[in-house]
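To be precise, the following lines are target03.tsv, and they hold TSV, C-alpha atoms and all ligand atoms.
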chain	number	residue	atom	x	y	z
A	1	MET	CA	63.42	114.41	120.74
A	2	HIS	CA	60.93	115.81	123.25
A	3	ARG	CA	61.96	116.34	126.87
A	4	THR	CA	61.27	118.42	129.94
A	5	VAL	CA	64.38	120.50	130.58
A	6	ALA	CA	65.24	120.13	134.24
A	7	PHE	CA	66.86	123.07	136.00
A	8	SER	CA	70.59	122.97	135.47
A	9	ARG	CA	72.60	122.55	138.67
A	10	ASN	CA	75.88	123.09	136.86
A	11	ALA	CA	75.33	126.44	135.18
A	12	VAL	CA	74.87	130.04	136.22
A	13	ASN	CA	72.56	132.04	133.97
A	14	ILE	CA	72.73	135.82	134.08
A	15	PHE	CA	69.86	137.84	132.61
A	16	PHE	CA	71.56	141.20	132.52
A	17	HIS	CA	69.40	144.28	131.88
A	18	ILE	CA	72.10	146.83	131.12
A	19	LEU	CA	69.53	149.61	130.60
A	20	THR	CA	65.76	150.02	130.64
A	21	ARG	CA	65.48	152.46	127.71
A	22	CYS	CA	63.71	151.22	124.61
A	23	ASN	CA	62.55	152.63	121.29
A	24	LEU	CA	59.36	150.52	121.46
A	25	ARG	CA	56.37	150.51	123.83
A	26	CYS	CA	55.14	146.93	123.62
A	27	ARG	CA	51.79	146.30	125.28
A	28	HIS	CA	53.13	143.53	127.48
A	29	CYS	CA	56.51	145.06	128.34
A	30	TYR	CA	57.58	143.87	131.80
A	31	ILE	CA	60.23	146.55	132.25
A	32	ASN	CA	59.23	148.80	135.11
A	33	PRO	CA	61.64	151.74	135.50
A	34	ASP	CA	60.15	152.62	138.89
A	35	GLN	CA	61.35	149.23	140.11
A	36	HIS	CA	64.35	148.67	137.83
A	37	GLY	CA	66.04	152.05	137.41
A	38	ARG	CA	66.32	154.46	134.51
A	39	HIS	CA	70.02	154.83	133.77
A	40	ASP	CA	72.36	153.02	131.40
A	41	LEU	CA	74.95	151.04	133.34
A	42	PRO	CA	78.51	152.27	132.72
A	43	LEU	CA	80.91	149.73	131.25
A	44	ALA	CA	83.02	149.55	134.42
A	45	THR	CA	79.92	148.59	136.41
A	46	ILE	CA	78.85	146.00	133.84
A	47	ARG	CA	82.28	144.44	134.01
A	48	ALA	CA	82.31	144.41	137.84
A	49	TRP	CA	78.85	142.84	138.01
A	50	LEU	CA	79.72	140.21	135.39
A	51	ALA	CA	82.81	139.31	137.41
A	52	ALA	CA	80.65	138.80	140.51
A	53	PHE	CA	78.73	136.00	138.79
A	54	ASN	CA	81.49	134.06	137.14
A	55	PRO	CA	82.29	131.04	139.31
A	56	SER	CA	85.22	128.86	138.33
A	57	ASP	CA	83.38	125.61	139.04
A	58	LYS	CA	80.29	126.20	136.87
A	59	GLN	CA	79.52	127.22	133.33
A	60	ALA	CA	78.30	130.82	133.22
A	61	ASN	CA	76.00	132.15	130.50
A	62	VAL	CA	74.95	135.75	130.00
A	63	ILE	CA	71.96	137.14	128.15
A	64	PHE	CA	72.17	140.88	127.54
A	65	LEU	CA	68.75	142.53	127.73
A	66	GLY	CA	67.12	145.91	128.19
A	67	GLY	CA	65.09	147.80	127.39
A	68	GLU	CA	66.72	147.40	124.02
A	69	PRO	CA	70.34	146.43	124.72
A	70	THR	CA	71.65	147.57	121.33
A	71	LEU	CA	70.76	151.13	122.35
A	72	HIS	CA	73.65	150.90	124.82
A	73	PRO	CA	76.69	152.24	122.95
A	74	GLU	CA	79.04	150.09	125.03
A	75	LEU	CA	77.31	146.76	124.38
A	76	PRO	CA	80.22	145.52	122.21
A	77	ASP	CA	82.64	146.27	125.05
A	78	ALA	CA	80.32	144.52	127.52
A	79	ILE	CA	80.33	141.45	125.28
A	80	GLN	CA	84.09	141.55	125.04
A	81	ALA	CA	84.28	141.84	128.85
A	82	ALA	CA	82.09	138.74	129.24
A	83	ARG	CA	84.38	136.83	126.89
A	84	GLU	CA	87.52	137.96	128.72
A	85	LEU	CA	85.95	136.85	132.00
A	86	GLY	CA	85.40	133.39	130.56
A	87	TYR	CA	81.63	133.35	130.08
A	88	HIS	CA	80.66	130.19	128.26
A	89	SER	CA	77.95	131.78	126.11
A	90	VAL	CA	76.74	135.25	125.21
A	91	THR	CA	73.26	136.03	123.87
A	92	ILE	CA	71.76	139.37	122.82
A	93	ASP	CA	67.97	139.71	123.14
A	94	THR	CA	66.79	142.40	120.73
A	95	ASN	CA	63.63	143.80	119.22
A	96	GLY	CA	65.42	143.72	115.87
A	97	TYR	CA	66.33	147.36	115.31
A	98	LEU	CA	70.02	146.56	115.99
A	99	PHE	CA	71.13	150.07	116.89
A	100	ASN	CA	74.65	151.47	116.98
A	101	HIS	CA	75.82	149.27	114.06
A	102	ILE	CA	76.09	146.37	116.48
A	103	LEU	CA	76.52	143.77	113.72
A	104	GLU	CA	79.66	145.55	112.55
A	105	LYS	CA	81.14	145.75	116.04
A	106	VAL	CA	80.79	142.17	117.26
A	107	THR	CA	81.45	138.83	115.58
A	108	PRO	CA	79.74	135.42	115.58
A	109	ASP	CA	82.75	134.17	117.58
A	110	GLN	CA	81.84	136.57	120.38
A	111	VAL	CA	78.04	136.22	120.30
A	112	ASP	CA	76.53	132.74	120.34
A	113	VAL	CA	72.97	133.79	119.47
A	114	ILE	CA	71.07	136.93	118.58
A	115	SER	CA	67.53	136.43	119.81
A	116	PHE	CA	64.72	138.42	118.19
A	117	SER	CA	61.23	139.14	119.52
A	118	LEU	CA	58.20	138.91	117.27
A	119	ASP	CA	54.60	138.62	118.48
A	120	GLY	CA	52.64	137.97	115.32
A	121	ALA	CA	53.06	136.04	112.08
A	122	ASN	CA	51.73	139.11	110.24
A	123	ALA	CA	52.59	142.77	110.55
A	124	ALA	CA	49.09	143.82	111.60
A	125	THR	CA	49.03	141.59	114.68
A	126	ASN	CA	52.66	142.08	115.67
A	127	ASP	CA	52.54	145.85	115.23
A	128	ARG	CA	49.32	146.11	117.22
A	129	ILE	CA	51.22	144.62	120.15
A	130	ARG	CA	54.77	145.89	119.62
A	131	GLY	CA	54.35	149.11	117.64
A	132	GLN	CA	54.07	150.33	114.08
A	133	GLY	CA	56.91	149.15	111.85
A	134	SER	CA	58.34	146.67	114.36
A	135	TYR	CA	57.46	143.60	112.25
A	136	LYS	CA	59.41	144.88	109.26
A	137	ALA	CA	62.32	145.96	111.45
A	138	CYS	CA	62.49	142.56	113.13
A	139	LEU	CA	62.47	140.57	109.90
A	140	GLU	CA	65.07	142.88	108.38
A	141	GLY	CA	67.17	142.49	111.53
A	142	VAL	CA	67.01	138.69	111.29
A	143	ALA	CA	68.09	138.83	107.64
A	144	ARG	CA	70.99	141.17	108.41
A	145	ALA	CA	72.15	139.05	111.34
A	146	ARG	CA	72.04	135.87	109.27
A	147	ALA	CA	73.88	137.53	106.41
A	148	ALA	CA	76.62	138.50	108.88
A	149	GLY	CA	76.91	134.86	110.00
A	150	PHE	CA	75.14	134.99	113.39
A	151	SER	CA	72.94	132.22	114.81
A	152	THR	CA	69.43	133.47	115.40
A	153	SER	CA	66.53	132.54	117.65
A	154	LEU	CA	63.10	134.06	117.97
A	155	ILE	CA	60.80	134.62	120.97
A	156	TYR	CA	57.00	134.71	120.55
A	157	THR	CA	55.12	135.83	123.66
A	158	VAL	CA	51.69	134.20	123.54
A	159	SER	CA	48.61	136.09	124.70
A	160	ASN	CA	44.95	136.25	123.72
A	161	LEU	CA	45.97	138.89	121.14
A	162	ASN	CA	48.18	136.60	119.06
A	163	LEU	CA	47.40	132.95	119.87
A	164	ASP	CA	45.51	132.62	116.58
A	165	GLU	CA	48.63	133.43	114.55
A	166	LEU	CA	50.94	130.99	116.28
A	167	GLU	CA	49.96	128.27	113.78
A	168	GLN	CA	51.40	130.43	111.00
A	169	MET	CA	54.79	130.79	112.66
A	170	PRO	CA	56.51	127.47	111.69
A	171	PRO	CA	56.58	128.20	107.92
A	172	LEU	CA	57.65	131.79	108.60
A	173	LEU	CA	60.49	130.63	110.88
A	174	GLU	CA	61.62	128.18	108.22
A	175	LYS	CA	61.53	130.86	105.54
A	176	ILE	CA	63.59	133.39	107.48
A	177	GLY	CA	66.12	130.81	108.77
A	178	ILE	CA	65.52	130.84	112.53
A	179	GLU	CA	67.39	128.03	114.33
A	180	HIS	CA	65.64	128.03	117.71
A	181	PHE	CA	62.07	129.09	118.51
A	182	PHE	CA	61.08	130.11	122.03
A	183	ILE	CA	57.37	130.24	122.82
A	184	GLN	CA	56.79	132.31	125.93
A	185	VAL	CA	53.74	132.77	128.11
A	186	ILE	CA	52.86	136.38	128.79
A	187	GLY	CA	53.73	137.44	132.33
A	188	LEU	CA	51.29	139.70	134.13
A	189	ARG	CA	53.84	142.25	135.23
A	190	GLY	CA	55.20	145.60	134.19
A	191	PRO	CA	53.35	148.94	134.25
A	192	TRP	CA	50.73	147.77	131.72
A	193	ALA	CA	49.62	145.00	134.10
A	194	ASP	CA	48.80	147.51	136.82
A	195	THR	CA	45.02	147.77	136.57
A	196	ARG	CA	45.15	151.23	138.15
A	197	SER	CA	47.07	152.71	135.23
A	198	ARG	CA	46.43	152.75	131.52
A	199	LYS	CA	49.74	153.22	129.74
A	200	ALA	CA	48.62	152.06	126.31
A	201	ALA	CA	45.38	152.44	124.42
A	202	GLY	CA	43.53	149.38	123.19
A	203	PRO	CA	42.91	145.95	124.69
A	204	ARG	CA	45.21	144.58	127.35
A	205	PRO	CA	46.88	141.28	126.55
A	206	GLN	CA	45.84	138.36	128.76
A	207	GLN	CA	47.12	134.86	129.37
A	208	VAL	CA	45.32	132.24	127.32
A	209	ARG	CA	43.11	129.63	129.01
A	210	ALA	CA	44.72	126.37	130.10
A	211	ASP	CA	42.76	124.27	127.61
A	212	LEU	CA	43.73	126.52	124.69
A	213	TRP	CA	47.38	126.52	125.77
A	214	LEU	CA	47.52	122.74	126.10
A	215	GLU	CA	45.70	122.21	122.81
A	216	THR	CA	47.73	124.67	120.72
A	217	ILE	CA	51.29	125.02	121.99
A	218	PRO	CA	52.49	121.37	121.78
A	219	ARG	CA	50.99	121.05	118.30
A	220	VAL	CA	52.73	124.17	116.98
A	221	ALA	CA	55.96	123.12	118.68
A	222	ALA	CA	55.86	119.71	116.99
A	223	ASN	CA	55.16	121.33	113.63
A	224	THR	CA	58.12	123.67	114.12
A	225	ALA	CA	60.47	120.85	115.11
A	226	SER	CA	59.40	118.85	112.04
A	227	ARG	CA	60.96	121.66	109.98
A	228	GLY	CA	64.36	121.20	111.62
A	229	ILE	CA	63.97	124.01	114.19
A	230	THR	CA	64.52	123.45	117.93
A	231	VAL	CA	61.58	124.63	120.05
A	232	THR	CA	61.41	125.56	123.72
A	233	TYR	CA	58.23	126.45	125.58
A	234	PRO	CA	57.24	126.75	129.22
A	235	LYS	CA	55.72	123.72	130.89
A	236	VAL	CA	53.11	125.84	132.78
A	237	TYR	CA	50.83	122.97	133.85
A	238	LEU	CA	52.29	119.95	135.65
A	239	GLU	CA	51.02	116.43	135.06
A	240	ALA	CA	49.56	114.74	138.14
A	241	ASP	CA	52.66	112.59	138.66
A	242	GLU	CA	55.25	115.30	138.00
A	243	PRO	CA	57.11	116.77	140.96
A	244	PHE	CA	56.99	120.50	141.61
A	245	GLU	CA	60.33	122.26	141.96
A	246	CYS	CA	61.14	125.93	142.50
A	247	ALA	CA	64.12	127.11	140.47
A	248	GLY	CA	64.88	129.62	143.21
A	249	LEU	CA	65.90	126.70	145.43
A	250	VAL	CA	67.76	124.46	143.01
A	251	ALA	CA	69.11	126.56	140.12
A	252	GLU	CA	71.22	129.65	139.66
A	253	ASN	CA	69.34	132.19	137.57
A	254	TYR	CA	69.95	135.86	138.27
A	255	PHE	CA	67.91	138.73	136.83
A	256	ILE	CA	69.96	141.92	137.17
A	257	PHE	CA	68.66	145.48	136.77
A	258	PRO	CA	70.43	148.84	136.45
A	259	ASN	CA	69.43	149.95	139.97
A	260	GLY	CA	71.42	147.02	141.35
A	261	ARG	CA	68.49	144.77	142.21
A	262	VAL	CA	69.11	141.09	141.56
A	263	TYR	CA	66.16	138.71	141.52
A	264	ARG	CA	66.16	134.91	141.53
A	265	CYS	CA	62.52	134.75	140.40
A	266	PRO	CA	61.27	136.81	137.43
A	267	LEU	CA	57.70	136.81	138.74
A	268	CYS	CA	58.86	138.99	141.65
A	269	GLU	CA	60.28	141.76	139.48
A	270	ASP	CA	57.42	144.23	139.99
A	271	TYR	CA	58.10	144.33	143.72
A	272	PRO	CA	61.05	145.11	145.98
A	273	LEU	CA	61.34	141.41	146.79
A	274	HIS	CA	64.83	140.91	145.34
A	275	SER	CA	67.01	138.70	147.49
A	276	LEU	CA	70.30	140.19	146.33
A	277	GLN	CA	71.53	143.71	145.65
A	278	PHE	CA	74.68	145.30	144.33
A	279	LYS	CA	76.14	147.86	146.73
A	280	ASP	CA	79.40	149.52	145.68
A	281	ASN	CA	79.77	146.72	143.12
A	282	CYS	CA	79.58	144.04	145.84
A	283	LEU	CA	76.72	141.56	145.78
A	284	VAL	CA	74.97	141.44	149.16
A	285	GLU	CA	71.90	139.64	150.45
A	286	THR	CA	68.88	141.78	151.25
A	287	GLY	CA	67.16	141.43	154.59
A	288	GLY	CA	63.52	141.25	155.60
A	289	ILE	CA	60.78	139.69	153.54
A	290	ASN	CA	62.11	138.81	150.12
A	291	GLU	CA	61.60	136.25	147.37
A	292	ALA	CA	63.93	133.72	148.99
A	293	ARG	CA	61.58	133.52	151.99
A	294	LEU	CA	58.76	132.50	149.63
A	295	PHE	CA	60.54	129.76	147.68
A	296	ASN	CA	60.11	127.20	150.48
A	297	LEU	CA	56.36	127.65	150.83
A	298	THR	CA	54.48	124.54	149.72
A	299	ILE	CA	50.99	125.06	148.35
A	300	ALA	CA	48.60	122.80	146.47
A	301	GLU	CA	48.62	125.14	143.45
A	302	GLY	CA	52.37	124.72	142.80
A	303	CYS	CA	54.21	128.03	142.35
A	304	VAL	CA	53.49	130.36	145.25
A	305	MET	CA	54.39	133.55	143.35
A	306	ASN	CA	52.02	132.57	140.56
A	307	LYS	CA	49.20	132.32	143.08
A	308	LEU	CA	50.12	135.66	144.62
A	309	ILE	CA	50.46	137.75	141.48
A	310	GLN	CA	48.57	136.05	138.62
A	311	PRO	CA	45.98	133.69	140.18
A	312	SER	CA	43.66	134.10	137.19
A	313	ASN	CA	45.38	131.10	135.56
A	314	LEU	CA	44.29	128.80	138.42
A	315	ALA	CA	41.12	126.70	138.44
A	316	TYR	CA	39.46	124.72	141.22
A	317	ASN	CA	37.06	121.79	141.41
A	318	GLY	CA	33.87	121.74	143.48
A	319	ARG	CA	35.78	120.90	146.67
A	320	SER	CA	38.12	123.87	146.22
A	321	ASN	CA	41.05	121.68	145.21
A	322	PRO	CA	43.16	123.03	142.34
A	323	ARG	CA	42.52	121.29	139.03
A	324	TYR	CA	46.23	121.39	138.24
A	325	ARG	CA	49.49	122.67	139.67
A	326	VAL	CA	51.33	125.50	137.97
A	327	ALA	CA	55.01	124.74	137.31
A	328	CYS	CA	57.89	127.09	137.95
A	329	CYS	CA	57.91	129.62	135.11
A	330	MET	CA	61.45	128.52	134.29
A	331	LEU	CA	60.59	124.86	133.71
A	332	LYS	CA	60.65	124.23	129.97
A	333	GLU	CA	59.71	121.64	127.39
A	334	GLU	CA	62.10	121.28	124.51
A	335	ILE	CA	61.80	119.50	121.16
A	336	THR	CA	64.94	119.03	119.16
A	337	PRO	CA	64.61	117.87	115.56
A	338	GLU	CA	65.41	114.15	115.00
A	401	LIG	S1	61.18	145.70	122.91
A	401	LIG	FE1	61.32	144.71	124.94
A	401	LIG	S2	61.99	146.32	126.34
A	401	LIG	FE2	61.23	147.32	124.46
A	401	LIG	S3	59.11	147.84	124.90
A	401	LIG	FE3	59.15	145.84	123.85
A	401	LIG	S4	59.17	144.31	125.52
A	401	LIG	FE4	59.76	146.30	126.43
A	402	LIG	S1	58.29	131.12	139.35
A	402	LIG	FE1	57.56	130.18	141.26
A	402	LIG	S2	58.58	128.23	141.34
A	402	LIG	FE2	59.75	129.51	139.87
A	402	LIG	S3	61.36	130.58	141.01
A	402	LIG	FE3	59.55	131.88	141.07
A	402	LIG	S4	58.49	131.31	142.98
A	402	LIG	FE4	59.90	129.64	142.50

Could the structure of this file be written out as structure tokens, please?
Amino acid sequence: MHRTVAFSRNAVNIFFHILTRCNLRCRHCYINPDQHGRHDLPLATIRAWLAAFNPSDKQANVIFLGGEPTLHPELPDAIQAARELGYHSVTIDTNGYLFNHILEKVTPDQVDVISFSLDGANAATNDRIRGQGSYKACLEGVARARAAGFSTSLIYTVSNLNLDELEQMPPLLEKIGIEHFFIQVIGLRGPWADTRSRKAAGPRPQQVRADLWLETIPRVAANTASRGITVTYPKVYLEADEPFECAGLVAENYFIFPNGRVYRCPLCEDYPLHSLQFKDNCLVETGGINEARLFNLTIAEGCVMNKLIQPSNLAYNGRSNPRYRVACCMLKEEITPE
């Protein structure tokens, strides 16, 4: 079944970066310690911040992220805290190295999904983007997680550096036993996206052209679903008759960082535009110009933050009208196997 996944009004989704440290240096990494902080959050703080987002009237889901979250020695305790607080689901997003013997310290009853990141169907492509040895580590991590009884998903961040290998992913996913495949569009944020700096040698990843995206992604998604694997991918380009909606206005997604910043829109994360902030473990609204002031702006191109920070994916006709509107980055298409 193929459907556009509307923003959920009845759930609260917490994307909780409990640290920004990582063993890898992926080319497209969006973590920006200057904007997000450099310290590991202590367990007591993690617990207090989880409690702040756990309403009794809505289902709350938490995704633990980093950096690499398994580098945090107290991740198992953080997961246990989320369970004690009544979180409906717990996900770990990992690069696959699974540090600190995490698989021996948590159980499939505590963790709904372990989500792995891989950016190439072959080691050469993946390792060029994510670092030497990361392909092998990821596949070994998937195998270990499956052997321990965990559900697994996999995220593939599409750019001009790996679009060609996306077609090879469905058979690989089937072979390694992935249950849910997330195709992601590369976001132009993080230190690597700053054209003034050059953090990594080699070519910079770029978003793929609209025609290539529309031609390739739905086809690969359908192929994946035909193998019994659920697929989710961002909508990106709205059809002419589809309404535009900003998740910041209608959904509850919170992107939390160790320095206490809480964003409603991931595209804003490179800037001090967060609309919420933890102060002494209390969540307070920030003043002045912030992301929430932008959500209401209506423009012909769709998402206002997309136009502000990554306008290269826009195209115009001869009368300067946009050829298409860009959807909220959180609007997804999903295909579930029949
Ligand atoms: S694994 Fe994640 S946090 Fe680490 S460098 Fe890669 S993208 Fe960044
Ligand atoms: S990506 Fe655009 S539409 Fe979505 S929350 Fe951010 S500003 Fe709103």

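The two atoms in question, atom CA of Ser115 of chain A and atom S2 of ligand LIG 402 (chain A), are spaced 24.7 Å apart.
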
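Closest approach to ligand LIG 401 (chain A) from the set A:Gly86, A:Gly67, A:Pro108, A:Gly149 is made by A:Gly67, with distances taken over all atoms listed in the file.
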
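Of the listed residues (A:Leu71, A:Leu297, A:Leu314, A:Val185), A:Leu297 comes nearest to ligand LIG 402 (chain A); the distances count only C-alpha atoms and all ligand atoms.
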
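A distance cut-off of 8 Å from ligand LIG 402 (chain A), applied to all atoms listed in the file, picks out the residues A:Phe244, A:Glu245, A:Cys246, A:Ala247, A:Gly248, A:Leu249, A:Arg264, A:Cys265, A:Pro266, A:Leu267, A:Cys268, A:Glu291, A:Leu294, A:Phe295, A:Gly302, A:Cys303, A:Val304, A:Met305, A:Asn306, A:Ala327, A:Cys328, A:Cys329, A:Met330, A:Leu331.
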
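With all atoms listed in the file as the basis for measurement, A:Asp164 is the residue among A:Glu74, A:Asp164, A:Asp280, A:Glu104 that approaches Trp213 of chain A most closely.
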
inquiry  = Please find the residues contacting ligand LIG 401 (chain A) at a distance of at most 12 Å between atoms, with all atoms listed in the file counted, and report them as a PyMOL selection string.
reply    = chain A and resi 17-33+36+64-71+92-98+115-119+126-132+134-135+137-138+155-157+186-187+189-192+199-200

Can you sort out the box for segment 109-123 of chain A, edges along x, y and z, all listed atoms in, 4 Å on every side, with centre and edge lengths in Å to one decimal, as JSON?
{"center_x": 67.2, "center_y": 137.8, "center_z": 115.3, "size_x": 39.0, "size_y": 18.0, "size_z": 18.1}

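Residue nearest Ile256 of chain A, chosen from A:Ile309, A:Ala60, A:Val5, A:Leu50 and counting only C-alpha atoms: A:Leu50.
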
request  = Could you tell me how far atom CA of Phe257 of chain A lies from atom CA of Gly37 of chain A, in Å and to one decimal?
outcome  = 7.1 Å

query = How many Å lie between atom CA of Pro322 of chain A and atom CA of Gln206 of chain A, rounded to one decimal?
reply = 20.7 Å

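Using only C-alpha atoms for every distance, the candidate list A:Leu173, A:Ala251, A:Val142, A:Ala240 yields A:Leu173 as the residue closest to Val220 of chain A.
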
query = Using only C-alpha atoms, which residues sit within 8 Å of Ala210 of chain A once same-chain residues fewer than 4 positions away are excluded, as a list of chain:residue names?
reply = A:Leu214, A:Tyr237, A:Asn313

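Excluding Thr336 of chain A itself and same-chain residues fewer than 6 positions from it, the residues having an atom within 7 Å of it are A:Met1, A:His2, A:Ala225, A:Thr230, A:Val231, counting only C-alpha atoms.
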
Only C-alpha atoms, please: the residues just picked out, written as an mmCIF file, keeping the file's coordinate frame.
data_model
loop_
_atom_site.group_PDB
_atom_site.id
_atom_site.type_symbol
_atom_site.label_atom_id
_atom_site.label_comp_id
_atom_site.auth_asym_id
_atom_site.auth_seq_id
_atom_site.Cartn_x
_atom_site.Cartn_y
_atom_site.Cartn_z
ATOM 1 C CA MET A 1 63.420 114.410 120.740
ATOM 2 C CA HIS A 2 60.930 115.810 123.250
ATOM 3 C CA ALA A 225 60.470 120.850 115.110
ATOM 4 C CA THR A 230 64.520 123.450 117.930
ATOM 5 C CA VAL A 231 61.580 124.630 120.050
#

inquiry  = So, with all atoms listed in the file as the atoms that count, which of A:Gly177, A:Gln310, A:Glu252, A:Pro258 lies closest to Ser8 of chain A?
reply    = A:Glu252
